[in-house]
file target.cif (mmCIF, C-alpha atoms)
data_final
#
loop_
_atom_site.label_atom_id
_atom_site.label_comp_id
_atom_site.auth_asym_id
_atom_site.auth_seq_id
_atom_site.Cartn_x
_atom_site.Cartn_y
_atom_site.Cartn_z
CA MET A 1 -35.70 1.50 81.30
CA TYR A 2 -35.69 0.95 77.54
CA LYS A 3 -32.28 1.75 76.01
CA GLY A 4 -33.02 2.08 72.28
CA LYS A 5 -35.14 4.36 70.12
CA ALA A 6 -38.81 4.04 70.96
CA ASP A 7 -41.34 2.67 68.49
CA ILE A 8 -43.87 5.44 67.85
CA GLY A 9 -45.54 3.80 64.85
CA SER A 10 -45.71 5.44 61.45
CA ASN A 11 -44.71 9.10 61.62
CA GLU A 12 -45.42 10.19 58.05
CA ILE A 13 -47.22 13.49 57.51
CA ILE A 14 -49.96 14.29 55.03
CA VAL A 15 -48.66 15.72 51.73
CA PRO A 16 -51.37 17.74 49.94
CA GLY A 17 -52.38 16.13 46.65
CA LEU A 18 -51.11 12.66 47.50
CA PRO A 19 -53.11 9.74 48.93
CA PHE A 20 -52.18 9.28 52.57
CA VAL A 21 -51.60 5.78 53.92
CA THR A 22 -49.79 4.47 56.98
CA LEU A 23 -48.30 1.00 57.39
CA ASN A 24 -47.32 -1.11 60.37
CA VAL A 25 -46.20 -4.74 60.27
CA SER A 26 -45.97 -7.54 62.82
CA SER A 27 -44.95 -11.20 62.84
CA ASN A 28 -47.20 -14.05 63.96
CA ILE A 29 -46.99 -17.81 64.50
CA THR A 30 -50.20 -19.85 64.41
CA GLU A 31 -51.00 -22.89 66.58
CA SER A 32 -50.03 -25.08 63.60
CA GLN A 33 -46.63 -23.31 63.52
CA GLN A 34 -47.42 -21.37 60.33
CA THR A 35 -45.36 -18.17 60.18
CA GLN A 36 -47.19 -15.05 59.07
CA ALA A 37 -46.82 -11.33 58.42
CA PHE A 38 -49.60 -8.98 59.55
CA LEU A 39 -49.94 -5.78 57.53
CA PHE A 40 -51.95 -3.00 59.17
CA LEU A 41 -52.93 -0.15 56.85
CA SER A 42 -54.94 3.02 57.40
CA ILE A 43 -56.04 5.25 54.51
CA GLU A 44 -57.20 8.83 55.10
CA GLU A 45 -60.28 9.18 52.92
CA SER A 46 -59.96 12.98 52.82
CA SER A 47 -56.65 12.60 50.93
CA LEU A 48 -58.39 10.95 47.95
CA ILE A 49 -60.18 12.40 44.92
CA TYR A 50 -63.92 11.68 44.75
CA LYS A 51 -66.10 11.79 41.67
CA ASN A 52 -69.85 11.62 41.25
CA GLN A 53 -71.05 8.15 40.37
CA GLN A 54 -74.79 7.38 40.37
CA ASP A 55 -75.52 10.22 42.80
CA SER A 56 -72.70 9.16 45.13
CA LEU A 57 -69.18 10.47 45.66
CA VAL A 58 -66.76 7.60 45.00
CA SER A 59 -62.99 7.20 45.05
CA ARG A 60 -61.25 4.40 43.15
CA VAL A 61 -58.15 3.00 44.80
CA GLU A 62 -55.54 0.45 43.74
CA LEU A 63 -53.44 -1.30 46.36
CA ARG A 64 -50.21 -3.20 45.63
CA THR A 65 -48.36 -5.21 48.28
CA GLU A 66 -44.93 -6.80 47.91
CA ILE A 67 -42.81 -8.81 50.33
CA SER A 68 -39.19 -9.60 49.52
CA SER A 69 -36.18 -10.94 51.37
CA ASN A 70 -33.30 -8.70 52.35
CA GLU A 71 -31.51 -10.01 49.25
CA ASN A 72 -34.38 -8.47 47.23
CA LYS A 73 -35.68 -11.90 46.29
CA PRO A 74 -39.46 -11.63 45.84
CA ILE A 75 -41.57 -13.76 48.16
CA LEU A 76 -45.04 -12.63 47.11
CA SER A 77 -46.93 -9.77 45.48
CA ASP A 78 -50.60 -8.89 45.45
CA GLN A 79 -52.80 -6.29 43.79
CA TYR A 80 -56.46 -5.33 43.99
CA GLN A 81 -58.82 -2.39 43.58
CA PHE A 82 -61.69 -1.13 45.72
CA LEU A 83 -64.09 1.78 46.00
CA LEU A 84 -64.50 4.23 48.85
CA GLY A 85 -67.63 6.34 49.13
CA LYS A 86 -68.57 9.37 51.20
CA SER A 87 -71.55 11.64 51.69
CA SER A 88 -71.57 14.96 49.88
CA ASP A 89 -71.67 16.94 53.14
CA ASN A 90 -68.33 15.67 54.50
CA LYS A 91 -66.26 18.57 55.77
CA TYR A 92 -62.49 18.98 55.38
CA TYR A 93 -62.04 18.72 59.13
CA ASP A 94 -64.27 15.66 59.42
CA GLN A 95 -61.97 13.17 57.77
CA LYS A 96 -62.52 9.44 58.11
CA THR A 97 -60.11 6.54 57.98
CA LYS A 98 -60.30 3.21 56.16
CA TYR A 99 -58.61 0.42 58.13
CA LEU A 100 -57.25 -2.75 56.55
CA LYS A 101 -55.53 -5.81 57.99
CA ILE A 102 -53.87 -8.16 55.51
CA THR A 103 -52.34 -11.50 56.52
CA TYR A 104 -49.74 -13.36 54.44
CA ASN A 105 -48.08 -16.71 55.07
CA VAL A 106 -44.35 -16.07 54.72
CA PRO A 107 -41.21 -18.07 55.60
CA PRO A 108 -39.05 -17.17 58.59
CA GLY A 109 -36.33 -14.56 58.05
CA ASN A 110 -35.78 -10.85 57.56
CA HIS A 111 -38.09 -9.33 54.96
CA ARG A 112 -39.04 -6.01 53.42
CA VAL A 113 -42.72 -5.10 53.11
CA LYS A 114 -43.69 -2.56 50.44
CA VAL A 115 -47.17 -1.12 49.98
CA THR A 116 -48.22 1.26 47.19
CA ILE A 117 -51.61 2.95 47.07
CA THR A 118 -52.74 4.70 43.87
CA ASP A 119 -55.65 7.10 43.58
CA LEU A 120 -57.00 6.05 40.18
CA HIS A 121 -58.89 9.34 39.75
CA SER A 122 -55.77 11.48 40.08
CA GLY A 123 -53.09 8.95 39.13
CA LYS A 124 -51.09 9.99 42.25
CA LYS A 125 -49.51 7.28 44.37
CA THR A 126 -47.84 6.84 47.75
CA THR A 127 -45.45 4.07 48.80
CA ARG A 128 -44.61 2.87 52.30
CA GLN A 129 -41.94 0.34 53.32
CA GLN A 130 -41.06 -1.44 56.55
CA GLU A 131 -38.74 -4.20 57.66
CA ILE A 132 -40.04 -7.28 59.45
CA THR A 133 -38.36 -10.27 61.12
CA ILE A 134 -40.33 -13.53 61.11
CA PRO A 135 -39.01 -15.92 63.81
CA ASP A 136 -38.40 -19.58 63.08
CA PRO A 137 -40.69 -21.82 65.22
CA LEU A 138 -38.08 -24.60 64.95
CA SER A 139 -35.41 -22.37 66.46
CA SER A 140 -34.22 -22.79 70.04
CA GLN A 141 -34.25 -19.00 70.47
CA ILE A 142 -36.68 -16.85 72.44
CA ASN A 143 -38.43 -14.25 70.28
CA ILE A 144 -40.98 -11.51 70.82
CA SER A 145 -43.12 -9.95 68.11
CA GLN A 146 -43.66 -6.25 67.53
CA ILE A 147 -46.28 -4.78 69.85
CA ARG A 148 -49.63 -4.35 68.12
CA PHE A 149 -51.64 -1.31 69.18
CA TYR A 150 -55.43 -1.26 68.68
CA LYS A 151 -58.39 0.92 69.55
CA LYS A 152 -62.15 0.64 69.26
CA THR A 153 -64.54 3.57 69.30
CA ALA A 154 -67.55 1.80 70.83
CA GLU A 155 -68.20 -1.30 72.88
CA ASP A 156 -69.87 -3.13 69.99
CA GLU A 157 -67.24 -2.06 67.42
CA PRO A 158 -64.22 -4.17 66.41
CA PHE A 159 -60.66 -3.21 67.33
CA VAL A 160 -58.66 -1.49 64.57
CA ALA A 161 -54.91 -0.93 64.48
CA VAL A 162 -53.43 2.41 65.52
CA ASN A 163 -50.54 2.91 63.13
CA GLY A 164 -49.30 6.27 64.38
CA TYR A 165 -48.30 7.83 67.66
CA ASP A 166 -51.56 9.63 68.37
CA VAL A 167 -54.94 8.39 69.49
CA ASN A 168 -57.70 10.85 70.34
CA MET A 169 -59.95 10.52 73.39
CA ASP A 170 -62.88 9.36 71.27
CA TYR A 171 -62.34 5.67 72.01
CA ASP A 172 -63.97 3.00 74.12
CA SER A 173 -60.82 1.00 74.90
CA LEU A 174 -57.23 0.41 73.83
CA LYS A 175 -55.52 -2.95 73.37
CA PHE A 176 -51.87 -3.93 73.22
CA SER A 177 -51.04 -7.38 71.90
CA PHE A 178 -47.75 -9.20 71.38
CA GLN A 179 -46.63 -12.76 70.86
CA LEU A 180 -43.79 -14.45 72.70
CA PHE A 181 -42.18 -17.62 71.36
CA ASN A 182 -40.11 -19.80 73.67
CA GLY A 183 -38.00 -22.20 71.63
CA LYS A 184 -36.22 -23.70 74.62
CA PRO A 185 -37.84 -26.71 76.32
CA LYS A 186 -38.02 -26.65 80.12
CA ASN A 187 -36.98 -23.00 80.14
CA SER A 188 -39.07 -20.60 82.18
CA VAL A 189 -39.61 -17.10 80.75
CA GLU A 190 -40.94 -14.18 82.80
CA ILE A 191 -42.96 -11.55 80.96
CA GLU A 192 -43.54 -8.13 82.53
CA SER A 193 -45.87 -5.61 80.89
CA ARG A 194 -45.94 -2.00 82.09
CA LEU A 195 -47.80 1.14 81.13
CA LEU A 196 -45.84 4.32 81.87
CA ARG A 197 -46.93 7.95 81.66
CA PHE A 198 -44.28 10.62 81.03
CA LYS A 199 -43.95 14.21 82.10
CA ALA A 200 -44.16 16.44 79.01
CA ASP A 201 -44.61 20.04 77.95
CA LEU A 202 -48.24 20.27 76.80
CA LYS A 203 -48.65 24.07 76.77
CA PRO A 204 -49.20 26.19 73.62
CA ALA A 205 -46.23 28.00 72.13
CA ARG A 206 -45.08 31.16 73.92
CA SER A 207 -44.97 34.63 72.40
CA MET A 208 -42.61 35.10 69.47
CA SER A 209 -40.91 37.96 71.34
CA GLY A 210 -40.50 36.11 74.65
CA ARG A 211 -37.34 34.74 76.20
CA GLN A 212 -35.70 31.55 75.02
CA HIS A 213 -36.40 28.46 77.08
CA ARG A 214 -33.74 27.48 79.62
CA SER A 215 -31.76 24.40 78.62
CA SER A 216 -32.94 22.56 81.75
CA SER A 217 -36.61 23.47 81.35
CA LEU A 218 -39.32 20.97 80.45
CA GLU A 219 -40.26 23.19 77.47
CA ARG A 220 -36.80 22.69 76.00
CA LYS A 221 -36.70 18.98 76.81
CA GLY A 222 -40.23 18.56 75.45
CA LEU A 223 -40.74 15.09 76.88
CA ASP A 224 -38.75 13.80 79.84
CA TYR A 225 -38.28 10.04 79.62
CA THR A 226 -36.66 9.98 83.08
CA ASN A 227 -39.77 11.42 84.75
CA TYR A 228 -42.64 8.95 84.67
CA GLU A 229 -45.24 7.16 86.73
CA VAL A 230 -46.18 3.49 86.40
CA ILE A 231 -49.89 3.27 85.60
CA ARG A 232 -50.03 -0.53 85.64
CA SER A 233 -47.59 -3.42 85.87
CA THR A 234 -48.41 -7.12 85.33
CA LYS A 235 -46.30 -10.28 85.22
CA ARG A 236 -46.79 -13.78 83.93
CA THR A 237 -44.58 -16.80 83.26
CA LEU A 238 -44.30 -19.03 80.19
CA ASP A 239 -43.08 -22.40 81.46
CA ASN A 240 -43.24 -24.52 78.33
CA LYS A 241 -41.87 -24.44 74.83
CA GLY A 242 -44.15 -22.75 72.31
CA SER A 243 -45.87 -19.42 71.74
CA VAL A 244 -48.27 -17.35 73.77
CA THR A 245 -50.20 -14.22 72.82
CA VAL A 246 -50.50 -11.63 75.59
CA GLU A 247 -53.16 -8.91 75.51
CA ASN A 248 -53.53 -5.85 77.74
CA PHE A 249 -56.59 -3.56 77.77
CA PHE A 250 -56.95 0.02 78.97
CA THR A 251 -59.86 2.46 79.20
CA ARG A 252 -60.28 6.14 80.05
CA LEU A 253 -56.62 7.13 79.99
CA PRO A 254 -56.25 10.90 80.48
CA ARG A 255 -54.51 13.05 77.90
CA GLY A 256 -50.76 12.59 77.98
CA ASN A 257 -47.75 10.68 76.64
CA TYR A 258 -47.42 6.98 77.39
CA ARG A 259 -45.27 3.92 76.82
CA PHE A 260 -46.43 0.32 76.80
CA GLU A 261 -43.32 -1.64 77.71
CA VAL A 262 -42.63 -5.38 77.60
CA ILE A 263 -39.63 -6.87 79.43
CA VAL A 264 -38.82 -10.54 78.84
CA LYS A 265 -36.44 -12.15 81.35
CA HIS A 266 -35.07 -15.58 80.56
CA ASN A 267 -31.81 -15.59 82.50
CA GLU A 268 -29.84 -13.29 84.77
CA LYS A 269 -27.84 -11.65 81.96
CA ASN A 270 -30.17 -11.38 78.99
CA ASN A 271 -33.40 -9.40 78.89
CA MET A 272 -35.48 -8.56 75.82
CA TYR A 273 -37.41 -5.31 75.41
CA GLU A 274 -40.22 -4.13 73.17
CA VAL A 275 -41.91 -0.77 73.62
CA ARG A 276 -44.71 1.13 71.91
CA ASP A 277 -45.04 4.82 72.67
CA PHE A 278 -48.28 6.71 72.13
CA ALA A 279 -50.16 9.84 73.15
CA VAL A 280 -53.78 10.39 74.08
CA LYS A 281 -54.79 13.76 72.63
CA SER A 282 -57.96 15.83 72.37
CA GLN A 283 -61.41 14.34 71.78
CA ASN A 284 -61.49 14.65 67.98
CA TYR A 285 -57.77 15.13 67.25
CA PRO A 286 -56.48 16.06 64.70
CA ASN A 287 -59.86 17.55 63.82
CA ILE A 288 -61.62 20.50 65.45
CA LYS A 289 -65.27 19.90 66.34
CA SER A 290 -66.25 20.50 69.96
CA PRO A 291 -66.58 23.96 71.59
CA ILE A 292 -63.50 23.41 73.76
CA GLU A 293 -61.47 22.39 70.70
CA LEU A 294 -62.60 25.60 68.97
CA ALA A 295 -61.72 27.69 72.02
CA ARG A 296 -58.23 26.41 72.85
CA PRO A 297 -56.46 27.59 69.64
CA LEU A 298 -57.69 31.16 70.32
CA TYR A 299 -54.68 31.27 72.64
CA TYR A 300 -52.73 32.98 69.85
CA LEU A 301 -55.32 35.75 69.37
CA LEU A 302 -56.38 36.59 72.95
CA ASN A 303 -54.52 38.10 75.86
CA GLU A 304 -54.06 35.97 78.98
CA LYS A 305 -57.06 37.40 80.86
CA GLU A 306 -59.43 36.99 77.90
CA TYR A 307 -58.19 33.46 77.25
CA ASN A 308 -58.63 32.33 80.85
CA GLU A 309 -62.13 33.81 80.96
CA ILE A 310 -63.28 31.98 77.84
CA LEU A 311 -61.80 28.65 78.96
CA ALA A 312 -63.49 29.03 82.35
CA ILE A 313 -66.88 28.59 80.66
CA SER A 314 -67.91 25.01 81.42
CA ASP A 315 -71.24 24.81 79.59
CA PRO A 316 -70.58 23.70 75.96
CA ASP A 317 -73.37 25.84 74.47
CA SER A 318 -72.24 28.93 76.36
CA LEU A 319 -68.63 28.28 75.35
CA LYS A 320 -69.60 27.95 71.68
CA ALA A 321 -71.54 31.23 71.95
CA ALA A 322 -68.48 32.94 73.46
CA VAL A 323 -66.26 31.67 70.64
CA ASP A 324 -68.75 32.93 68.05
CA GLU A 325 -68.96 36.28 69.82
CA PHE A 326 -65.17 36.66 69.70
CA TRP A 327 -65.08 36.12 65.96
CA LEU A 328 -68.15 38.16 65.07
CA SER A 329 -67.62 41.13 67.40
CA ASN A 330 -65.20 42.82 65.02
CA LEU A 331 -66.40 41.34 61.71
CA ASN A 332 -69.55 42.91 60.35
CA ASN A 333 -69.66 40.91 57.12
CA SER A 334 -71.02 37.45 57.98
CA ALA A 335 -69.81 35.87 54.73
CA GLU A 336 -66.32 37.26 55.29
CA ALA A 337 -66.36 36.14 58.92
CA LYS A 338 -67.28 32.61 57.89
CA GLU A 339 -64.34 32.50 55.47
CA ILE A 340 -61.89 33.81 58.07
CA ILE A 341 -63.07 31.35 60.74
CA LYS A 342 -62.78 28.49 58.23
CA MET A 343 -59.25 29.57 57.29
CA TYR A 344 -58.11 29.79 60.92
CA TYR A 345 -59.35 26.35 61.95
CA GLU A 346 -58.17 24.71 58.74
CA ARG A 347 -54.70 25.97 59.63
CA VAL A 348 -55.09 24.52 63.11
CA VAL A 349 -55.96 21.11 61.63
CA GLN A 350 -53.09 21.35 59.13
CA ALA A 351 -50.70 22.27 61.96
CA ASN A 352 -51.88 19.16 63.83
CA GLN A 353 -51.27 17.02 60.76
CA GLN A 354 -47.80 18.41 60.00
CA PHE A 355 -46.13 19.38 63.27
CA SER A 356 -47.47 17.15 66.04
CA ASN A 357 -44.98 15.41 68.29
CA PHE A 358 -45.52 14.82 72.01
CA LYS A 359 -48.17 17.54 71.90
CA GLU A 360 -50.75 18.75 69.39
CA GLY A 361 -49.20 20.38 66.34
CA TRP A 362 -51.00 23.68 66.86
CA LYS A 363 -49.19 24.05 70.20
CA THR A 364 -45.69 23.75 68.70
CA ASP A 365 -43.60 26.75 67.58
CA PRO A 366 -43.89 25.84 63.87
CA GLY A 367 -47.63 25.31 64.41
CA MET A 368 -48.02 28.79 65.91
CA ILE A 369 -46.19 30.45 63.00
CA TYR A 370 -48.15 28.38 60.47
CA ILE A 371 -51.49 29.38 61.99
CA LEU A 372 -50.71 33.08 62.28
CA PHE A 373 -48.78 33.58 59.02
CA GLY A 374 -49.75 30.64 56.82
CA PRO A 375 -47.44 28.28 54.91
CA PRO A 376 -43.99 29.73 54.15
CA SER A 377 -42.94 30.61 50.62
CA TYR A 378 -39.73 28.62 51.03
CA VAL A 379 -38.29 26.22 53.62
CA ASP A 380 -34.63 25.43 54.23
CA GLU A 381 -34.17 22.44 56.54
CA GLY A 382 -31.36 20.14 57.62
CA PHE A 383 -29.21 18.95 60.54
CA GLY A 384 -31.72 19.92 63.20
CA GLU A 385 -32.26 23.44 61.87
CA MET A 386 -35.10 24.93 59.84
CA SER A 387 -35.74 28.36 58.33
CA TRP A 388 -39.05 29.57 56.96
CA PHE A 389 -39.04 32.43 54.47
CA TYR A 390 -41.97 34.69 53.61
CA ASP A 391 -42.52 37.37 50.99
CA PHE A 392 -43.31 40.03 53.62
CA ASP A 393 -40.93 41.71 56.06
CA THR A 394 -40.62 39.56 59.19
CA GLY A 395 -38.44 42.07 60.98
CA THR A 396 -35.27 40.03 60.49
CA GLU A 397 -32.44 40.51 58.05
CA ASN A 398 -33.31 37.46 55.94
CA GLN A 399 -37.12 37.88 56.18
CA GLY A 400 -37.48 34.50 57.84
CA PHE A 401 -38.16 32.56 61.01
CA TYR A 402 -35.40 30.32 62.32
CA PHE A 403 -36.08 27.10 64.28
CA LYS A 404 -33.67 24.71 65.97
CA ASP A 405 -34.26 21.26 67.43
CA PRO A 406 -32.29 21.08 70.72
CA ARG A 407 -32.55 17.28 70.78
CA TYR A 408 -31.41 16.66 67.22
CA GLY A 409 -29.08 13.66 67.04
CA ASN A 410 -30.41 12.08 70.25
CA ILE A 411 -31.26 8.59 69.02
CA LYS A 412 -33.43 7.93 72.09
CA PHE A 413 -35.72 10.89 71.30
CA PRO A 414 -38.01 9.97 68.39
CA PHE A 415 -39.54 13.41 67.65
CA ASN A 416 -38.70 16.67 65.96
CA ASN A 417 -38.95 19.43 68.55
CA PHE A 418 -38.24 22.58 66.52
CA GLN A 419 -38.18 25.72 68.66
CA LEU A 420 -38.36 29.27 67.34
CA LYS A 421 -35.46 31.65 67.83
CA ARG A 422 -37.39 34.35 69.62
CA SER A 423 -36.62 38.05 69.31
CA ALA A 424 -37.95 41.31 70.74
CA ASP A 425 -38.11 42.47 67.11
CA PHE A 426 -41.06 40.11 66.61
CA PHE A 427 -43.32 41.94 69.08
CA GLY A 428 -44.71 44.43 66.56
CA LEU A 429 -44.99 41.81 63.81
CA GLN A 430 -46.95 39.39 65.99
CA TYR A 431 -49.26 42.16 67.25
CA LYS A 432 -49.95 43.33 63.71
CA GLN A 433 -50.72 39.78 62.54
CA ILE A 434 -53.09 39.17 65.45
CA GLN A 435 -54.95 42.38 64.64
CA SER A 436 -55.30 41.31 61.01
CA TRP A 437 -57.13 38.17 62.17
CA ILE A 438 -59.37 40.11 64.55
CA ASP A 439 -60.34 42.88 62.12
CA GLY A 440 -60.60 40.57 59.10
CA SER A 441 -57.81 42.07 56.99
CA ILE A 442 -56.03 38.68 57.06
CA ILE A 443 -58.29 37.61 54.22
CA TYR A 444 -56.63 40.16 51.95
CA LEU A 445 -53.11 39.52 53.22
CA SER A 446 -53.51 35.82 52.36
CA GLN A 447 -54.53 36.36 48.74
#

call {"tool": "encode", "arguments": {"input": "target.cif", "output": "structure tokens"}}
result
Amino acid sequence: MYKGKADIGSNEIIVPGLPFVTLNVSSNITESQQTQAFLFLSIEESSLIYKNQQDSLVSRVELRTEISSNENKPILSDQYQFLLGKSSDNKYYDQKTKYLKITYNVPPGNHRVKVTITDLHSGKKTTRQQEITIPDPLSSQINISQIRFYKKTAEDEPFVAVNGYDVNMDYDSLKFSFQLFNGKPKNSVEIESRLLRFKADLKPARSMSGRQHRSSSLERKGLDYTNYEVIRSTKRTLDNKGSVTVENFFTRLPRGNYRFEVIVKHNEKNNMYEVRDFAVKSQNYPNIKSPIELARPLYYLLNEKEYNEILAISDPDSLKAAVDEFWLSNLNNSAEAKEIIKMYYERVVQANQQFSNFKEGWKTDPGMIYILFGPPSYVDEGFGEMSWFYDFDTGTENQGFYFKDPRYGNIKFPFNNFQLKRSADFFGLQYKQIQSWIDGSIIYLSQ
């Protein structure tokens, strides 16, 4: 089992008003022994400002890349601009992503990669940095590159890099690629690749007035790295000096939390490990499009019987009709209903973008509070604790909600897992907030 902190890719969250970009890097050695750095970037187009240009909506973007040694000695820098266009009917929840792969020839060693993207319409910029080690092909050492994680959405589409932890179910296949370099002649190296699936808490957040989770429960653990099944295991041997690129492909993985693990054995005492954790989430995650994706977040507004009845509807058209009926049954004003529905599902998407970990963000405790009550007026966070403060009376002395991460400080657990301090005092507050969504008064409370 892997002993260090798992690689989950870029874990940045979207900051409103700033261009959103993620960065992953990987080393590579060509057949001619040229050492390279791969830069994988993804840009969320919905985070950019678009302006009308010749009857089209266009965003102007500037990209700067810099690679320097650990002694801050510059190795190379690059800069260019490009345009991104979108149709005028793009919805907030229908965001698209621009994928880029940039390859640079760089010398062996430890380097720092810095990427800055600037939205030239707003002047706002975002910077990402990562460290990369480029192995020396003349070395007698054995080296393994970072694991590269790709997806493609259709059979005839190219693979694009997955920079984050999450991949939705709207894919044709997944690919994991890594490069192993054996610098020792006549030294056999065994390579084992495994795909593991972990047991995790995937349920929506419980009632605010319920009991606290037991310390031994899966809900409190969140994701149990000791409880897993091996989906696939393959082995191969590299007998000669040189490099080999190994690729593994997967299709139709069910929703859940996974680890692609590489174990390199080159003698009895020394093994090398590389892992890449990821999760397969809902069909259009983090967006909300399908009837089932619209129905699931109603968990926070329905009682258990009503919720089970609506999820038992298998026909998509009938399910969509049931969701519409729920919203419209108590809202006579269609324009007002449309605004309330839009606000609810925008909060679901925002919760996915800000609070996701091993499960969708809307299912987490912070996600539940965010959806029901909106963004807090003030946040106090640090050392595994977080308090949200609102202008209204929350039923507590400090008018706030308190969260604690029970796994804070565990270097092997790569997620925040903030859990609400529940209280019986919250029963009336939660009921009142649910009613405000159902009867439409939430629209006035949110102004």

call {"tool": "resolve_selection", "arguments": {"input": "target.cif", "expression": "the PyMOL selection byres ((chain A and resi 410) around 12)", "output": "MDAnalysis selection string"}}
result
chainID A and resid 3:6 221 383:384 405:409 411:417

call {"tool": "resolve_selection", "arguments": {"input": "target.cif", "expression": "the PyMOL selection byres ((chain A and resi 142) around 12)", "output": "PDB file with C-alpha atoms, keeping the file's coordinate frame"}}
result
ATOM      1  CA  PRO A 135     -39.010 -15.920  63.810  1.00  0.00           C
ATOM      2  CA  ASP A 136     -38.400 -19.580  63.080  1.00  0.00           C
ATOM      3  CA  PRO A 137     -40.690 -21.820  65.220  1.00  0.00           C
ATOM      4  CA  LEU A 138     -38.080 -24.600  64.950  1.00  0.00           C
ATOM      5  CA  SER A 139     -35.410 -22.370  66.460  1.00  0.00           C
ATOM      6  CA  SER A 140     -34.220 -22.790  70.040  1.00  0.00           C
ATOM      7  CA  GLN A 141     -34.250 -19.000  70.470  1.00  0.00           C
ATOM      8  CA  ASN A 143     -38.430 -14.250  70.280  1.00  0.00           C
ATOM      9  CA  ILE A 144     -40.980 -11.510  70.820  1.00  0.00           C
ATOM     10  CA  SER A 145     -43.120  -9.950  68.110  1.00  0.00           C
ATOM     11  CA  GLN A 179     -46.630 -12.760  70.860  1.00  0.00           C
ATOM     12  CA  LEU A 180     -43.790 -14.450  72.700  1.00  0.00           C
ATOM     13  CA  PHE A 181     -42.180 -17.620  71.360  1.00  0.00           C
ATOM     14  CA  ASN A 182     -40.110 -19.800  73.670  1.00  0.00           C
ATOM     15  CA  GLY A 183     -38.000 -22.200  71.630  1.00  0.00           C
ATOM     16  CA  LYS A 184     -36.220 -23.700  74.620  1.00  0.00           C
ATOM     17  CA  PRO A 185     -37.840 -26.710  76.320  1.00  0.00           C
ATOM     18  CA  ASN A 187     -36.980 -23.000  80.140  1.00  0.00           C
ATOM     19  CA  SER A 188     -39.070 -20.600  82.180  1.00  0.00           C
ATOM     20  CA  VAL A 189     -39.610 -17.100  80.750  1.00  0.00           C
ATOM     21  CA  GLU A 190     -40.940 -14.180  82.800  1.00  0.00           C
ATOM     22  CA  ILE A 191     -42.960 -11.550  80.960  1.00  0.00           C
ATOM     23  CA  LEU A 238     -44.300 -19.030  80.190  1.00  0.00           C
ATOM     24  CA  ASN A 240     -43.240 -24.520  78.330  1.00  0.00           C
ATOM     25  CA  LYS A 241     -41.870 -24.440  74.830  1.00  0.00           C
ATOM     26  CA  GLY A 242     -44.150 -22.750  72.310  1.00  0.00           C
ATOM     27  CA  SER A 243     -45.870 -19.420  71.740  1.00  0.00           C
ATOM     28  CA  VAL A 244     -48.270 -17.350  73.770  1.00  0.00           C
ATOM     29  CA  VAL A 264     -38.820 -10.540  78.840  1.00  0.00           C
ATOM     30  CA  LYS A 265     -36.440 -12.150  81.350  1.00  0.00           C
ATOM     31  CA  HIS A 266     -35.070 -15.580  80.560  1.00  0.00           C
ATOM     32  CA  ASN A 267     -31.810 -15.590  82.500  1.00  0.00           C
ATOM     33  CA  ASN A 270     -30.170 -11.380  78.990  1.00  0.00           C
ATOM     34  CA  ASN A 271     -33.400  -9.400  78.890  1.00  0.00           C
ATOM     35  CA  MET A 272     -35.480  -8.560  75.820  1.00  0.00           C
ATOM     36  CA  TYR A 273     -37.410  -5.310  75.410  1.00  0.00           C
TER      37      TYR A 273
END

call {"tool": "resolve_selection", "arguments": {"input": "target.cif", "expression": "the PyMOL selection byres ((chain A and resi 297) around 12)", "output": "CSV table (one decimal) with C-alpha atoms, in the frame of the given file"}}
result
chain,number,residue,atom,x,y,z
A,203,LYS,CA,-48.6,24.1,76.8
A,204,PRO,CA,-49.2,26.2,73.6
A,205,ALA,CA,-46.2,28.0,72.1
A,288,ILE,CA,-61.6,20.5,65.4
A,291,PRO,CA,-66.6,24.0,71.6
A,292,ILE,CA,-63.5,23.4,73.8
A,293,GLU,CA,-61.5,22.4,70.7
A,294,LEU,CA,-62.6,25.6,69.0
A,295,ALA,CA,-61.7,27.7,72.0
A,296,ARG,CA,-58.2,26.4,72.8
A,298,LEU,CA,-57.7,31.2,70.3
A,299,TYR,CA,-54.7,31.3,72.6
A,300,TYR,CA,-52.7,33.0,69.8
A,301,LEU,CA,-55.3,35.8,69.4
A,302,LEU,CA,-56.4,36.6,73.0
A,307,TYR,CA,-58.2,33.5,77.2
A,310,ILE,CA,-63.3,32.0,77.8
A,311,LEU,CA,-61.8,28.6,79.0
A,323,VAL,CA,-66.3,31.7,70.6
A,341,ILE,CA,-63.1,31.4,60.7
A,344,TYR,CA,-58.1,29.8,60.9
A,345,TYR,CA,-59.4,26.4,62.0
A,346,GLU,CA,-58.2,24.7,58.7
A,347,ARG,CA,-54.7,26.0,59.6
A,348,VAL,CA,-55.1,24.5,63.1
A,349,VAL,CA,-56.0,21.1,61.6
A,351,ALA,CA,-50.7,22.3,62.0
A,352,ASN,CA,-51.9,19.2,63.8
A,360,GLU,CA,-50.8,18.8,69.4
A,361,GLY,CA,-49.2,20.4,66.3
A,362,TRP,CA,-51.0,23.7,66.9
A,363,LYS,CA,-49.2,24.0,70.2
A,364,THR,CA,-45.7,23.8,68.7
A,367,GLY,CA,-47.6,25.3,64.4
A,368,MET,CA,-48.0,28.8,65.9
A,371,ILE,CA,-51.5,29.4,62.0
A,372,LEU,CA,-50.7,33.1,62.3

call {"tool": "closest_atom_pairs", "arguments": {"input": "target.cif", "of": "segment 333-420 of chain A", "to": "segment 158-173 of chain A", "cutoff": "10 Å", "atoms": "all atoms listed in the file", "output": "CSV"}}
result
residue,atom,partner,partner_atom,distance
A:Ser356,CA,A:Asp166,CA,8.9
A:Asn357,CA,A:Tyr165,CA,8.3
A:Phe358,CA,A:Tyr165,CA,8.7
A:Lys359,CA,A:Asp166,CA,9.3
A:Glu360,CA,A:Asp166,CA,9.2
